[in-house]
Amino acid sequence: MPPAPGSLPLDPDTLPGPVRDELLAPDPVAIDTAAEELKDGLNRCPKCGASDIRQKPGSDLLICLYCRHEWHAERVEEAFGLGEGIDQLHGTVIASGARDIAAGSAALVSFKCAGCGAEATVNTENAMTARCHWCRHVFGVNEQIANGAVPDAVLPFHIRKEDAVARIRQFVDKRRLFALKEFKEQFTPENVTGVYLPYMIVDANASAEVAGFGEIETRRYTRGSDNDKKTYYDADVYAVERQVAFTVDDLPLESSRSRGNLDVRVNTNNIINAILPFDTKNAVKWNASYLSGFSSEKRDLDVAQLMPVLDDQLLSIARAQVEGSVRRYDRGVRWEEEAIDVHGSRWVAMYLPVWLYSYHQPGPNGGMLHYIAVNGRTGETMGSIPIQHWKLLLAALTLGTVLETLAIWIVGHT
């Protein structure tokens, strides 16, 4: 006879601890962030009803291009209480835009125009809006389709393109001396692209335990002479254990496989992490109108695939939390055992704004793809440029020769 619905066919207490915990853990809870009023694809002006809507440059406002009415979309944190109760989180809470991506889900989304009856199609691989070619209505993909294209929230661009171009030009000018000749000839910062990158923004309630050995130096002395002189030290060694409970608010995790690929032999994706943080508290409820004029990349990683990344990030935070309590060990502490327990987490899918300039450097195995990135909110700029290695080597040798000559002169005049 099959077990009754909702019952377990075996005693959970007889199972291994990790299996039992996973089996008894509460099911993921979805926070529904979908906007019912936008599901037909038409984002209408609340004043005149027109659908040609854009973000007002340099602000979080939306503006109607017909009547010029301006309004502010609701902040997602205020709308769904995402800044509250982090220390009470239990289990995995997932907003509806962060749910698992359905295998084989289509990239094409079609809308039937309410104005003229024609059909408009949006390819979510590279766009989120389209215009009806008959009546000029503008459609946006707002329904949370299961292909990862529609997040829960979007953080609008503040930095304008001309500002991003100036920042990229300044970044390169400071490094132009050692830059590859071909790069300098082909450098055109006006080709910078505004792109919304997919992230999971995570709140977490966690605790951690770390254990290892710390050393306190008791004596330092030297033996030998001249080139054979060596320095020794004596130290007391202590077993060290620490436990810490903490919460994390708005931790960003990349949810794109391609951007998460940090293989420095083929690209410099890692520079995107260098322009963090973003002011995610100001993110607004998803509205495709914010993406007009910008490109976007779809999320292709689910919560389960990002859990190991979250654990690793939380362990790093835990180490930083206990750092202040181990300063008496002046020789340092070597942590040998670490454990993280995530009591609860909350996941929200969000688009973050980045200006990207790319340059492909030819070479073996496909060459190297260099990026210069500008934070679309703060203007923080970081990047990599291809360099002439012989120039760098020559500069190092020249500097070494100057320092050596200076040292000989000082010794000779002492």
# chains A, B, ... in the order shown; residues from 1 in each chain; ligands from 1
call {"tool": "residues_around", "arguments": {"residues": "Tyr290 in chain A", "least_positions_apart": "6", "cutoff": "10 Å", "atoms": "only C-alpha atoms", "output": "PyMOL selection string"}}
result
chain A and resi 53-56+60-62+128-129+140+154-157+196+284
call {"tool": "residues_around", "arguments": {"residues": "His370 in chain A", "least_positions_apart": "2", "cutoff": "8 Å", "atoms": "only C-alpha atoms", "output": "VMD selection string"}}
result
chain A and resid 267 to 268 358 to 361 368 372 383 to 386
call {"tool": "select_by_dssp", "arguments": {"residues": "range 54-279 of chain A", "states": "helix (DSSP H, G or I)", "output": "VMD selection string"}}
result
chain A and resid 76 to 80 86 to 88 96 to 98 161 to 173 176 to 178 181 to 186 189 to 191 226 to 228 257 to 260 269 to 275
call {"tool": "residues_around", "arguments": {"residues": "Gln321 in chain A", "least_positions_apart": "3", "cutoff": "12 Å", "atoms": "only C-alpha atoms", "output": "MDAnalysis selection string"}}
result
chainID A and resid 207:210 242:248 314:318 324:326
call {"tool": "residues_around", "arguments": {"residues": "Arg167 in chain A", "least_positions_apart": "2", "cutoff": "12 Å", "atoms": "only C-alpha atoms", "output": "PyMOL selection string"}}
result
chain A and resi 159-165+169-174+189-190+192+355-357+372-376+378-383
call {"tool": "closest_residue", "arguments": {"among": "A:Asn269, A:Asn205, A:Gln186, A:Ser51", "to": "Arg136 in chain A", "atoms": "only C-alpha atoms"}}
result
A:Ser51
call {"tool": "closest_residue", "arguments": {"among": "A:His90, A:Lys298, A:Arg377, A:Arg327", "to": "Asp203 in chain A", "atoms": "only C-alpha atoms"}}
result
A:His90
call {"tool": "closest_residue", "arguments": {"among": "A:Ala239, A:Ala118, A:Arg99, A:Ala149", "to": "Glu336 in chain A", "atoms": "only C-alpha atoms"}}
result
A:Ala239
call {"tool": "atom_distance", "arguments": {"atom1": "CA of Asp87 in chain A", "atom2": "CA of Ile340 in chain A"}}
result
15.7 Å
call {"tool": "residues_around", "arguments": {"residues": "Gln144 in chain A", "least_positions_apart": "5", "cutoff": "10 Å", "atoms": "only C-alpha atoms", "output": "PyMOL selection string"}}
result
chain A and resi 32-35+39+96-99+149-152+286
call {"tool": "select_by_dssp", "arguments": {"residues": "range 355-389 of chain A", "states": "strand (DSSP E or B)", "output": "number ranges by chain"}}
result
A: 355-361, 368-375, 381-383, 387
call {"tool": "closest_residue", "arguments": {"among": "A:Ile145, A:Ala153, A:Val237, A:Ala166", "to": "Arg328 in chain A", "atoms": "only C-alpha atoms"}}
result
A:Val237
call {"tool": "closest_residue", "arguments": {"among": "A:Asp300, A:Phe187, A:Ala206, A:Thr231", "to": "Gly91 in chain A", "atoms": "only C-alpha atoms"}}
result
A:Ala206
